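Novice: For reference, the file structure_27.cif (mmCIF, C-alpha atoms) is included below:
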data_target
loop_
_atom_site.group_PDB
_atom_site.id
_atom_site.type_symbol
_atom_site.label_atom_id
_atom_site.label_comp_id
_atom_site.auth_asym_id
_atom_site.auth_seq_id
_atom_site.Cartn_x
_atom_site.Cartn_y
_atom_site.Cartn_z
ATOM 1 C CA ASN A 1 72.980 -45.569 -50.165
ATOM 2 C CA PRO A 2 72.217 -46.523 -46.552
ATOM 3 C CA THR A 3 68.744 -45.739 -45.198
ATOM 4 C CA PRO A 4 67.880 -44.882 -41.568
ATOM 5 C CA THR A 5 66.400 -47.470 -39.246
ATOM 6 C CA GLN A 6 63.437 -46.079 -37.323
ATOM 7 C CA PRO A 7 64.393 -45.861 -33.637
ATOM 8 C CA LYS A 8 62.248 -48.147 -31.464
ATOM 9 C CA LYS A 9 60.235 -47.036 -28.470
ATOM 10 C CA ASP A 10 59.025 -49.551 -25.896
ATOM 11 C CA VAL A 11 57.529 -49.544 -22.413
ATOM 12 C CA PHE A 12 57.912 -51.918 -19.476
ATOM 13 C CA THR A 13 56.808 -52.135 -15.872
ATOM 14 C CA GLY A 14 59.037 -52.563 -12.851
ATOM 15 C CA THR A 15 62.116 -54.646 -13.558
ATOM 16 C CA ASP A 16 60.300 -56.846 -16.083
ATOM 17 C CA THR A 17 61.657 -56.742 -19.649
ATOM 18 C CA THR A 18 58.384 -57.869 -21.253
ATOM 19 C CA SER A 19 56.854 -55.096 -23.349
ATOM 20 C CA ILE A 20 53.515 -53.752 -22.117
ATOM 21 C CA ASP A 21 52.894 -51.575 -25.175
ATOM 22 C CA GLY A 22 49.121 -51.628 -25.706
ATOM 23 C CA LYS A 23 48.454 -53.071 -22.248
ATOM 24 C CA ALA A 24 46.405 -51.354 -19.565
ATOM 25 C CA VAL A 25 48.125 -49.626 -16.627
ATOM 26 C CA VAL A 26 46.763 -48.098 -13.430
ATOM 27 C CA ALA A 27 47.290 -44.967 -11.357
ATOM 28 C CA GLY A 28 50.436 -45.176 -9.237
ATOM 29 C CA GLN A 29 52.116 -47.727 -11.506
ATOM 30 C CA GLU A 30 55.734 -47.101 -12.499
ATOM 31 C CA LEU A 31 56.583 -47.360 -16.201
ATOM 32 C CA THR A 32 60.004 -47.686 -17.802
ATOM 33 C CA TYR A 33 60.433 -46.285 -21.335
ATOM 34 C CA LYS A 34 63.241 -47.393 -23.615
ATOM 35 C CA ILE A 35 64.437 -45.827 -26.881
ATOM 36 C CA THR A 36 66.710 -47.941 -29.059
ATOM 37 C CA TYR A 37 68.748 -46.360 -31.883
ATOM 38 C CA THR A 38 70.828 -48.178 -34.506
ATOM 39 C CA ASN A 39 73.374 -46.247 -36.562
ATOM 40 C CA THR A 40 72.893 -47.348 -40.177
ATOM 41 C CA THR A 41 74.305 -44.163 -41.764
ATOM 42 C CA GLY A 42 77.660 -45.677 -42.717
ATOM 43 C CA THR A 43 79.697 -43.293 -40.547
ATOM 44 C CA ASN A 44 80.085 -42.552 -36.851
ATOM 45 C CA GLN A 45 77.442 -40.131 -35.592
ATOM 46 C CA ASP A 46 76.749 -37.805 -32.663
ATOM 47 C CA VAL A 47 73.157 -38.651 -31.749
ATOM 48 C CA VAL A 48 70.673 -36.460 -29.883
ATOM 49 C CA VAL A 49 67.690 -38.290 -28.383
ATOM 50 C CA THR A 50 64.702 -36.355 -27.031
ATOM 51 C CA ASP A 51 61.496 -37.476 -25.360
ATOM 52 C CA LYS A 52 58.616 -35.407 -24.009
ATOM 53 C CA LEU A 53 57.180 -36.868 -20.806
ATOM 54 C CA PRO A 54 53.753 -38.441 -21.362
ATOM 55 C CA ALA A 55 50.682 -36.569 -20.139
ATOM 56 C CA TYR A 56 49.188 -37.901 -16.873
ATOM 57 C CA THR A 57 52.578 -39.075 -15.611
ATOM 58 C CA THR A 58 55.299 -37.750 -13.299
ATOM 59 C CA TYR A 59 59.006 -38.210 -13.966
ATOM 60 C CA VAL A 60 60.865 -40.422 -11.498
ATOM 61 C CA GLU A 61 63.778 -38.250 -10.389
ATOM 62 C CA ASP A 62 67.236 -39.256 -11.664
ATOM 63 C CA SER A 63 65.831 -42.229 -13.574
ATOM 64 C CA ALA A 64 67.210 -41.190 -16.997
ATOM 65 C CA ASP A 65 70.319 -43.222 -17.754
ATOM 66 C CA ASN A 66 73.262 -42.431 -20.068
ATOM 67 C CA GLY A 67 73.467 -38.800 -18.928
ATOM 68 C CA GLY A 68 69.886 -37.878 -19.794
ATOM 69 C CA THR A 69 68.780 -34.467 -18.512
ATOM 70 C CA LEU A 70 65.297 -33.065 -17.956
ATOM 71 C CA THR A 71 64.446 -29.518 -19.051
ATOM 72 C CA GLY A 72 60.818 -28.629 -18.458
ATOM 73 C CA ASP A 73 59.014 -31.765 -19.581
ATOM 74 C CA VAL A 74 61.572 -32.858 -22.217
ATOM 75 C CA LEU A 75 64.383 -35.342 -21.632
ATOM 76 C CA THR A 76 67.560 -35.033 -23.751
ATOM 77 C CA TRP A 77 70.480 -37.393 -24.280
ATOM 78 C CA ASN A 78 73.674 -36.511 -26.186
ATOM 79 C CA LEU A 79 75.343 -39.710 -27.373
ATOM 80 C CA MET A 80 78.731 -38.915 -28.845
ATOM 81 C CA ALA A 81 80.447 -40.740 -31.727
ATOM 82 C CA VAL A 82 78.119 -43.725 -31.995
ATOM 83 C CA PRO A 83 79.960 -46.135 -34.354
ATOM 84 C CA THR A 84 78.222 -47.145 -37.562
ATOM 85 C CA GLY A 85 76.391 -50.439 -37.177
ATOM 86 C CA THR A 86 76.115 -49.985 -33.405
ATOM 87 C CA THR A 87 72.880 -50.052 -31.412
ATOM 88 C CA VAL A 88 72.461 -47.914 -28.291
ATOM 89 C CA SER A 89 69.561 -47.486 -25.869
ATOM 90 C CA VAL A 90 68.388 -44.944 -23.307
ATOM 91 C CA THR A 91 65.750 -45.400 -20.615
ATOM 92 C CA PHE A 92 63.756 -43.378 -18.082
ATOM 93 C CA LYS A 93 60.885 -43.928 -15.660
ATOM 94 C CA VAL A 94 57.593 -42.222 -14.885
ATOM 95 C CA LYS A 95 54.782 -42.847 -12.439
ATOM 96 C CA VAL A 96 51.137 -42.794 -13.596
ATOM 97 C CA ASN A 97 49.224 -39.931 -11.966
ATOM 98 C CA ASP A 98 46.151 -40.496 -9.798
ATOM 99 C CA ASP A 99 43.999 -38.301 -12.071
ATOM 100 C CA VAL A 100 44.611 -40.403 -15.200
ATOM 101 C CA ASN A 101 41.038 -41.851 -15.104
ATOM 102 C CA GLY A 102 40.530 -43.498 -18.487
ATOM 103 C CA GLU A 103 43.080 -41.559 -20.508
ATOM 104 C CA VAL A 104 45.472 -43.352 -22.874
ATOM 105 C CA ILE A 105 49.097 -42.711 -21.938
ATOM 106 C CA LYS A 106 51.014 -42.112 -25.171
ATOM 107 C CA ASN A 107 54.718 -41.571 -25.681
ATOM 108 C CA VAL A 108 56.979 -40.990 -28.679
ATOM 109 C CA GLY A 109 60.702 -40.201 -28.818
ATOM 110 C CA ARG A 110 62.885 -38.581 -31.477
ATOM 111 C CA THR A 111 66.465 -39.141 -32.631
ATOM 112 C CA LYS A 112 68.716 -36.807 -34.640
ATOM 113 C CA ASP A 113 72.037 -38.107 -35.894
ATOM 114 C CA GLY A 114 73.355 -35.431 -38.261
ATOM 115 C CA VAL A 115 71.898 -37.206 -41.286
ATOM 116 C CA ASN A 116 68.362 -38.075 -40.246
ATOM 117 C CA GLU A 117 65.843 -36.790 -37.733
ATOM 118 C CA VAL A 118 63.259 -39.492 -37.059
ATOM 119 C CA ASP A 119 60.395 -40.128 -34.619
ATOM 120 C CA THR A 120 60.072 -43.452 -32.861
ATOM 121 C CA ASN A 121 56.863 -45.448 -32.934
ATOM 122 C CA THR A 122 54.249 -44.336 -30.372
ATOM 123 C CA THR A 123 53.588 -46.497 -27.321
ATOM 124 C CA LYS A 124 50.053 -46.543 -25.926
ATOM 125 C CA ASN A 125 48.765 -47.691 -22.553
ATOM 126 C CA PRO A 126 45.044 -47.394 -21.753
ATOM 127 C CA THR A 127 43.943 -46.805 -18.162
ATOM 128 C CA PRO A 128 40.718 -47.782 -16.379
ATOM 129 C CA THR A 129 37.936 -45.256 -15.876
ATOM 130 C CA GLN A 130 36.626 -44.833 -12.326
ATOM 131 C CA PRO A 131 33.089 -46.243 -12.250
ATOM 132 C CA LYS A 132 30.462 -43.559 -11.616
ATOM 133 C CA LYS A 133 27.893 -43.655 -8.848
ATOM 134 C CA ASP A 134 24.759 -41.496 -8.989
ATOM 135 C CA VAL A 135 21.357 -41.203 -7.335
ATOM 136 C CA PHE A 136 17.935 -40.272 -8.750
ATOM 137 C CA LYS A 137 14.253 -40.156 -7.952
ATOM 138 C CA PRO A 138 12.556 -43.136 -9.646
ATOM 139 C CA ALA A 139 10.175 -40.838 -11.514
ATOM 140 C CA ASP A 140 13.065 -38.868 -13.077
ATOM 141 C CA MET A 141 16.117 -40.940 -13.978
ATOM 142 C CA THR A 142 17.735 -38.087 -15.924
ATOM 143 C CA THR A 143 18.180 -35.532 -13.122
ATOM 144 C CA SER A 144 20.783 -36.402 -10.495
ATOM 145 C CA ILE A 145 19.877 -35.639 -6.881
ATOM 146 C CA ASP A 146 23.401 -36.203 -5.568
ATOM 147 C CA GLY A 147 23.878 -33.654 -2.774
ATOM 148 C CA LYS A 148 20.142 -32.873 -2.627
ATOM 149 C CA PRO A 149 17.980 -33.493 0.458
ATOM 150 C CA VAL A 150 15.653 -36.493 0.597
ATOM 151 C CA LYS A 151 12.687 -37.077 2.902
ATOM 152 C CA ASN A 152 11.810 -39.823 5.335
ATOM 153 C CA GLY A 153 9.878 -42.536 3.501
ATOM 154 C CA GLU A 154 11.083 -41.388 0.089
ATOM 155 C CA GLU A 155 12.307 -43.952 -2.461
ATOM 156 C CA ILE A 156 15.581 -43.221 -4.253
ATOM 157 C CA THR A 157 17.369 -45.129 -7.027
ATOM 158 C CA TYR A 158 21.134 -45.651 -7.217
ATOM 159 C CA THR A 159 23.057 -46.278 -10.422
ATOM 160 C CA ILE A 160 26.576 -47.575 -10.994
ATOM 161 C CA LYS A 161 28.068 -47.051 -14.456
ATOM 162 C CA TYR A 162 31.170 -48.975 -15.565
ATOM 163 C CA THR A 163 33.027 -48.372 -18.854
ATOM 164 C CA ASN A 164 35.739 -50.777 -19.981
ATOM 165 C CA THR A 165 38.685 -48.586 -21.004
ATOM 166 C CA THR A 166 41.268 -51.325 -20.477
ATOM 167 C CA ASP A 167 42.890 -53.514 -23.131
ATOM 168 C CA ALA A 168 40.659 -56.613 -23.098
ATOM 169 C CA LYS A 169 37.210 -58.002 -22.298
ATOM 170 C CA ARG A 170 36.492 -57.873 -18.585
ATOM 171 C CA THR A 171 34.300 -59.748 -16.125
ATOM 172 C CA VAL A 172 32.844 -57.043 -13.917
ATOM 173 C CA GLU A 173 31.813 -57.684 -10.315
ATOM 174 C CA VAL A 174 30.030 -54.986 -8.318
ATOM 175 C CA LYS A 175 29.153 -54.955 -4.618
ATOM 176 C CA ASP A 176 27.127 -52.196 -2.979
ATOM 177 C CA VAL A 177 26.197 -52.117 0.704
ATOM 178 C CA ILE A 178 22.928 -50.210 0.970
ATOM 179 C CA PRO A 179 23.214 -46.989 2.946
ATOM 180 C CA GLU A 180 22.561 -46.786 6.656
ATOM 181 C CA TYR A 181 19.074 -45.438 7.491
ATOM 182 C CA THR A 182 17.575 -47.044 4.361
ATOM 183 C CA GLU A 183 15.899 -50.332 3.434
ATOM 184 C CA TYR A 184 16.225 -52.199 0.135
ATOM 185 C CA VAL A 185 13.206 -52.128 -2.170
ATOM 186 C CA THR A 186 12.630 -55.771 -3.082
ATOM 187 C CA GLY A 187 13.235 -56.728 -6.720
ATOM 188 C CA THR A 188 14.778 -53.426 -7.829
ATOM 189 C CA ALA A 189 18.310 -54.711 -8.553
ATOM 190 C CA ASP A 190 18.482 -55.109 -12.339
ATOM 191 C CA ASN A 191 21.048 -56.843 -14.584
ATOM 192 C CA GLY A 192 20.927 -60.021 -12.493
ATOM 193 C CA GLY A 193 21.645 -58.243 -9.225
ATOM 194 C CA VAL A 194 21.123 -60.209 -5.992
ATOM 195 C CA TYR A 195 20.382 -58.723 -2.560
ATOM 196 C CA ASP A 196 21.780 -60.390 0.573
ATOM 197 C CA ALA A 197 19.687 -59.260 3.524
ATOM 198 C CA ALA A 198 22.234 -60.561 6.050
ATOM 199 C CA THR A 199 25.014 -58.290 4.777
ATOM 200 C CA LYS A 200 22.667 -55.676 3.256
ATOM 201 C CA THR A 201 24.687 -55.977 0.038
ATOM 202 C CA VAL A 202 23.557 -55.887 -3.585
ATOM 203 C CA SER A 203 25.887 -57.861 -5.899
ATOM 204 C CA TRP A 204 26.258 -58.175 -9.667
ATOM 205 C CA LYS A 205 28.494 -60.132 -12.034
ATOM 206 C CA VAL A 206 28.596 -59.450 -15.782
ATOM 207 C CA GLU A 207 30.992 -61.405 -17.964
ATOM 208 C CA ASP A 208 32.803 -60.414 -21.163
ATOM 209 C CA VAL A 209 32.257 -56.641 -21.149
ATOM 210 C CA ALA A 210 33.970 -55.625 -24.395
ATOM 211 C CA VAL A 211 36.570 -52.851 -24.629
ATOM 212 C CA GLY A 212 34.754 -49.527 -24.946
ATOM 213 C CA ASN A 213 31.405 -50.889 -23.737
ATOM 214 C CA THR A 214 29.464 -49.516 -20.765
ATOM 215 C CA VAL A 215 27.232 -51.427 -18.365
ATOM 216 C CA GLU A 216 24.882 -49.938 -15.785
ATOM 217 C CA PHE A 217 23.464 -51.318 -12.549
ATOM 218 C CA HIS A 218 20.425 -49.998 -10.650
ATOM 219 C CA PHE A 219 18.671 -50.594 -7.345
ATOM 220 C CA SER A 220 16.340 -48.642 -5.074
ATOM 221 C CA VAL A 221 16.066 -48.019 -1.338
ATOM 222 C CA LYS A 222 13.531 -46.310 0.896
ATOM 223 C CA VAL A 223 14.633 -43.727 3.473
ATOM 224 C CA LYS A 224 13.768 -44.802 7.014
ATOM 225 C CA ALA A 225 12.071 -42.500 9.516
ATOM 226 C CA GLU A 226 15.078 -42.751 11.846
ATOM 227 C CA ALA A 227 17.255 -41.014 9.240
ATOM 228 C CA ASN A 228 16.139 -37.763 10.941
ATOM 229 C CA GLY A 229 18.921 -35.331 10.038
ATOM 230 C CA GLN A 230 21.500 -37.922 9.017
ATOM 231 C CA VAL A 231 23.379 -37.783 5.695
ATOM 232 C CA ILE A 232 22.742 -40.836 3.537
ATOM 233 C CA GLU A 233 25.967 -41.847 1.829
ATOM 234 C CA ASN A 234 26.605 -44.590 -0.708
ATOM 235 C CA LYS A 235 29.462 -45.963 -2.805
ATOM 236 C CA ALA A 236 30.178 -49.261 -4.532
ATOM 237 C CA ASP A 237 33.164 -51.575 -5.019
ATOM 238 C CA VAL A 238 33.916 -52.543 -8.615
ATOM 239 C CA HIS A 239 36.347 -55.286 -9.665
ATOM 240 C CA ASP A 240 37.062 -56.087 -13.324
ATOM 241 C CA GLY A 241 39.885 -58.600 -12.961
ATOM 242 C CA PHE A 242 42.427 -55.872 -13.568
ATOM 243 C CA ASN A 243 41.582 -53.064 -11.196
ATOM 244 C CA ASN A 244 39.695 -53.028 -7.889
ATOM 245 C CA VAL A 245 38.280 -49.553 -7.249
ATOM 246 C CA LYS A 246 35.555 -47.710 -5.401
ATOM 247 C CA THR A 247 33.100 -45.370 -7.047
ATOM 248 C CA ASN A 248 32.632 -41.792 -5.947
ATOM 249 C CA THR A 249 30.398 -41.327 -2.870
ATOM 250 C CA THR A 250 26.890 -39.918 -3.239
ATOM 251 C CA THR A 251 25.451 -37.888 -0.356
ATOM 252 C CA ASN A 252 21.859 -36.947 0.487
ATOM 253 C CA PRO A 253 21.058 -34.999 3.681
ATOM 254 C CA THR A 254 17.748 -35.624 5.423
ATOM 255 C CA PRO A 255 15.673 -33.081 7.342
ATOM 256 C CA THR A 256 15.686 -33.032 11.146
ATOM 257 C CA GLN A 257 12.213 -33.513 12.582
ATOM 258 C CA PRO A 258 11.157 -30.464 14.615
ATOM 259 C CA LYS A 259 10.795 -31.287 18.327
ATOM 260 C CA LYS A 260 7.669 -30.636 20.355
ATOM 261 C CA ASP A 261 7.772 -30.614 24.172
ATOM 262 C CA VAL A 262 5.519 -29.612 27.065
ATOM 263 C CA PHE A 263 6.226 -27.927 30.412
ATOM 264 C CA THR A 264 4.270 -26.769 33.415
ATOM 265 C CA GLY A 265 4.140 -23.176 34.615
ATOM 266 C CA THR A 266 7.508 -21.473 34.337
ATOM 267 C CA ASP A 267 9.438 -24.719 34.814
ATOM 268 C CA THR A 268 11.689 -25.704 31.909
ATOM 269 C CA THR A 269 11.791 -29.363 32.886
#
Will you turn the file into C-alpha cells for me?
Specialist:
Amino acid sequence: NPTPTQPKKDVFTGTDTTSIDGKAVVAGQELTYKITYTNTTGTNQDVVVTDKLPAYTTYVEDSADNGGTLTGDVLTWNLMAVPTGTTVSVTFKVKVNDDVNGEVIKNVGRTKDGVNEVDTNTTKNPTPTQPKKDVFKPADMTTSIDGKPVKNGEEITYTIKYTNTTDAKRTVEVKDVIPEYTEYVTGTADNGGVYDAATKTVSWKVEDVAVGNTVEFHFSVKVKAEANGQVIENKADVHDGFNNVKTNTTTNPTPTQPKKDVFTGTDTT
C-alpha cells in the first residue's frame, strides 16, 4: 500500500537556489516560490497544484511556469499524466509590498492527484518593522505631541523605538540629526548615545538585540527663538545590519511672533 509523499514548498530570492525559508526579507524584494510533487501512488496521475498568493505581496506577471494560471489570488497548475515515481515542480514569483512592516510572509500550497489531497509545508519569512519616531514634553512622556505646536524656549524630548522582527540578533545603529531651529540639551541622550556638536548628530549603537526585543532611544532639544513660525521636523536613520531605514517624520509648528512697528503721521513708511 503506497503512501503519499507530502509535497514540498520552498522559497528563494532572485536567481539563487539557496532556500531562504525562515529568513528575513524586505519590502521590494522579489521572492520565488517552488512546489515539488512526487508521485508515489503507484499509478500515473493527473495532478492539480494550487497556491494562494501570500498576503503583503504582489504577483509578478507571467512568472508562473508550467502553464500556471492566476484566478483572483489563486494560482493553478494542471499537470497531466505524471508517471508514478516521477517528481515535478512548479514555480512563481512575487514582490514584497511596501506596507509589509513587520508582518511574517507565509505561504502554503496544495496538491491533488486523484488519490490524495495534501497541503505542503508552510514557508515563513519575517520582515523588519519600521522604527517609530515620536516627540513628547519631558514632564509627560506618555502623551505624544507630534503635530502639536511648541513654543520658543520650550524643551521637547524625542524617542526612537526599534523592534527586532527579523530572523536573528541584530546590532542596531541609530543616527539622528537634531532639528533645525533647536539646540541639543547636554547629557539627555540615553542608552550610551553620543552627541557630535560639529554635525549636530546624536548616535547610538546597541549590540545583540534579540529577535522580538525592543530598544528605545531618547534625547531632548530646546526650541530656539529664531524658530518663529517654522515647522520643526525630525527623523532618524536606523541600521540593523540587515535593513537601513528611516523613521517616520515628526512635525511641530511654532508660533509666529506678532510684529510691532511705528510710523509718523499718515505715512506708512
Novice: What's the 12 Å shell around Asn228 in chain A, counting only C-alpha atoms, without same-chain residues fewer than 4 positions away, as a list in words?
Specialist: Pro149, Val150, Lys151, Asn152, Gly153, Glu180, Tyr181, Thr182, Val223, Lys224, Ile232, Asn252, Pro253, Thr254, Pro255, Thr256, Gln257, Pro258 and Lys259 of chain A
Novice: Taking 6 positions as the minimum chain separation for residues in the same chain, which residues sit within 8 Å of Val26 in chain A when counting all atoms listed in the file? Answer as a list in words.
Specialist: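 Counting only the stated atoms, we get Val96, Thr127, Pro128 and Asn243 of chain A.
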Novice: Given only C-alpha atoms as the basis, pick out the residue of A:Thr69, A:Ser144, A:Thr166, A:Thr76 nearest to Ile105 in chain A.
Specialist: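 Between A:Thr69, A:Ser144, A:Thr166, A:Thr76, the residue approaching Ile105 in chain A most closely is A:Thr166.
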Novice: With all atoms listed in the file as the atoms that count, which of A:Ala64, A:Val135, A:Val115, A:Val11 lies nearest to Ile156 in chain A?
Specialist: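 Residue with the minimum atom-to-atom distance to Ile156 in chain A: A:Val135.
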Novice: If we count all atoms listed in the file and set the cut-off at 10 Å, which residues sit around Ile35 in chain A, ignoring sequence neighbours fewer than 5 positions away in its own chain? Please answer as a ChimeraX atom specification.
Specialist: /A:7-11,49-51,88-92,108-111,120-121
Novice: Could you give me range 43-53 of chain A completed to all heavy atoms, formatted as an mmCIF file, in the coordinates of the input?
Specialist:
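Once written, part-v4.cif looks like this:
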data_model
loop_
_atom_site.group_PDB
_atom_site.id
_atom_site.type_symbol
_atom_site.label_atom_id
_atom_site.label_comp_id
_atom_site.auth_asym_id
_atom_site.auth_seq_id
_atom_site.Cartn_x
_atom_site.Cartn_y
_atom_site.Cartn_z
ATOM 1 N N THR A 43 78.604 -43.996 -41.227
ATOM 2 C CA THR A 43 79.697 -43.293 -40.547
ATOM 3 C C THR A 43 79.343 -43.107 -39.080
ATOM 4 O O THR A 43 78.168 -43.181 -38.704
ATOM 5 C CB THR A 43 79.962 -41.906 -41.172
ATOM 6 O OG1 THR A 43 78.756 -41.118 -41.076
ATOM 7 C CG2 THR A 43 80.372 -42.043 -42.641
ATOM 8 N N ASN A 44 80.352 -42.835 -38.258
ATOM 9 C CA ASN A 44 80.085 -42.552 -36.851
ATOM 10 C C ASN A 44 79.243 -41.294 -36.726
ATOM 11 O O ASN A 44 79.410 -40.339 -37.506
ATOM 12 C CB ASN A 44 81.392 -42.383 -36.087
ATOM 13 C CG ASN A 44 82.208 -43.665 -36.059
ATOM 14 O OD1 ASN A 44 81.749 -44.714 -36.522
ATOM 15 N ND2 ASN A 44 83.427 -43.583 -35.531
ATOM 16 N N GLN A 45 78.355 -41.264 -35.730
ATOM 17 C CA GLN A 45 77.442 -40.131 -35.592
ATOM 18 C C GLN A 45 77.319 -39.693 -34.137
ATOM 19 O O GLN A 45 77.324 -40.534 -33.226
ATOM 20 C CB GLN A 45 76.044 -40.502 -36.105
ATOM 21 C CG GLN A 45 75.952 -40.805 -37.582
ATOM 22 C CD GLN A 45 76.171 -39.586 -38.447
ATOM 23 O OE1 GLN A 45 76.056 -38.433 -37.981
ATOM 24 N NE2 GLN A 45 76.493 -39.796 -39.725
ATOM 25 N N ASP A 46 77.190 -38.349 -33.945
ATOM 26 C CA ASP A 46 76.749 -37.805 -32.663
ATOM 27 C C ASP A 46 75.221 -37.804 -32.692
ATOM 28 O O ASP A 46 74.614 -37.211 -33.592
ATOM 29 C CB ASP A 46 77.271 -36.387 -32.462
ATOM 30 C CG ASP A 46 78.786 -36.349 -32.293
ATOM 31 O OD1 ASP A 46 79.368 -37.397 -31.938
ATOM 32 O OD2 ASP A 46 79.374 -35.278 -32.540
ATOM 33 N N VAL A 47 74.611 -38.449 -31.723
ATOM 34 C CA VAL A 47 73.157 -38.651 -31.749
ATOM 35 C C VAL A 47 72.505 -37.906 -30.588
ATOM 36 O O VAL A 47 72.939 -38.029 -29.436
ATOM 37 C CB VAL A 47 72.807 -40.150 -31.668
ATOM 38 C CG1 VAL A 47 71.293 -40.356 -31.753
ATOM 39 C CG2 VAL A 47 73.523 -40.926 -32.765
ATOM 40 N N VAL A 48 71.471 -37.137 -30.907
ATOM 41 C CA VAL A 48 70.673 -36.460 -29.883
ATOM 42 C C VAL A 48 69.314 -37.168 -29.809
ATOM 43 O O VAL A 48 68.624 -37.300 -30.812
ATOM 44 C CB VAL A 48 70.477 -34.969 -30.203
ATOM 45 C CG1 VAL A 48 69.595 -34.318 -29.125
ATOM 46 C CG2 VAL A 48 71.814 -34.260 -30.302
ATOM 47 N N VAL A 49 68.977 -37.634 -28.613
ATOM 48 C CA VAL A 49 67.690 -38.290 -28.383
ATOM 49 C C VAL A 49 66.848 -37.399 -27.480
ATOM 50 O O VAL A 49 67.336 -36.913 -26.450
ATOM 51 C CB VAL A 49 67.874 -39.665 -27.715
ATOM 52 C CG1 VAL A 49 66.524 -40.348 -27.498
ATOM 53 C CG2 VAL A 49 68.803 -40.554 -28.536
ATOM 54 N N THR A 50 65.609 -37.161 -27.861
ATOM 55 C CA THR A 50 64.702 -36.355 -27.031
ATOM 56 C C THR A 50 63.402 -37.117 -26.810
ATOM 57 O O THR A 50 62.988 -37.920 -27.647
ATOM 58 C CB THR A 50 64.391 -34.989 -27.660
ATOM 59 O OG1 THR A 50 63.867 -35.186 -28.978
ATOM 60 C CG2 THR A 50 65.629 -34.116 -27.727
ATOM 61 N N ASP A 51 62.761 -36.820 -25.691
ATOM 62 C CA ASP A 51 61.496 -37.476 -25.360
ATOM 63 C C ASP A 51 60.703 -36.578 -24.426
ATOM 64 O O ASP A 51 61.174 -36.218 -23.344
ATOM 65 C CB ASP A 51 61.737 -38.833 -24.694
ATOM 66 C CG ASP A 51 60.503 -39.706 -24.700
ATOM 67 O OD1 ASP A 51 59.428 -39.219 -24.305
ATOM 68 O OD2 ASP A 51 60.611 -40.867 -25.105
ATOM 69 N N LYS A 52 59.499 -36.204 -24.856
ATOM 70 C CA LYS A 52 58.616 -35.407 -24.009
ATOM 71 C C LYS A 52 57.863 -36.341 -23.076
ATOM 72 O O LYS A 52 57.288 -37.353 -23.506
ATOM 73 C CB LYS A 52 57.622 -34.604 -24.851
ATOM 74 C CG LYS A 52 56.741 -33.677 -24.039
ATOM 75 C CD LYS A 52 55.851 -32.838 -24.949
ATOM 76 C CE LYS A 52 54.984 -31.888 -24.121
ATOM 77 N NZ LYS A 52 54.113 -31.053 -24.985
ATOM 78 N N LEU A 53 57.855 -36.013 -21.781
ATOM 79 C CA LEU A 53 57.180 -36.868 -20.806
ATOM 80 C C LEU A 53 55.709 -37.026 -21.168
ATOM 81 O O LEU A 53 55.049 -36.063 -21.564
ATOM 82 C CB LEU A 53 57.299 -36.270 -19.398
ATOM 83 C CG LEU A 53 58.711 -36.093 -18.834
ATOM 84 C CD1 LEU A 53 58.629 -35.433 -17.460
ATOM 85 C CD2 LEU A 53 59.443 -37.422 -18.747
#
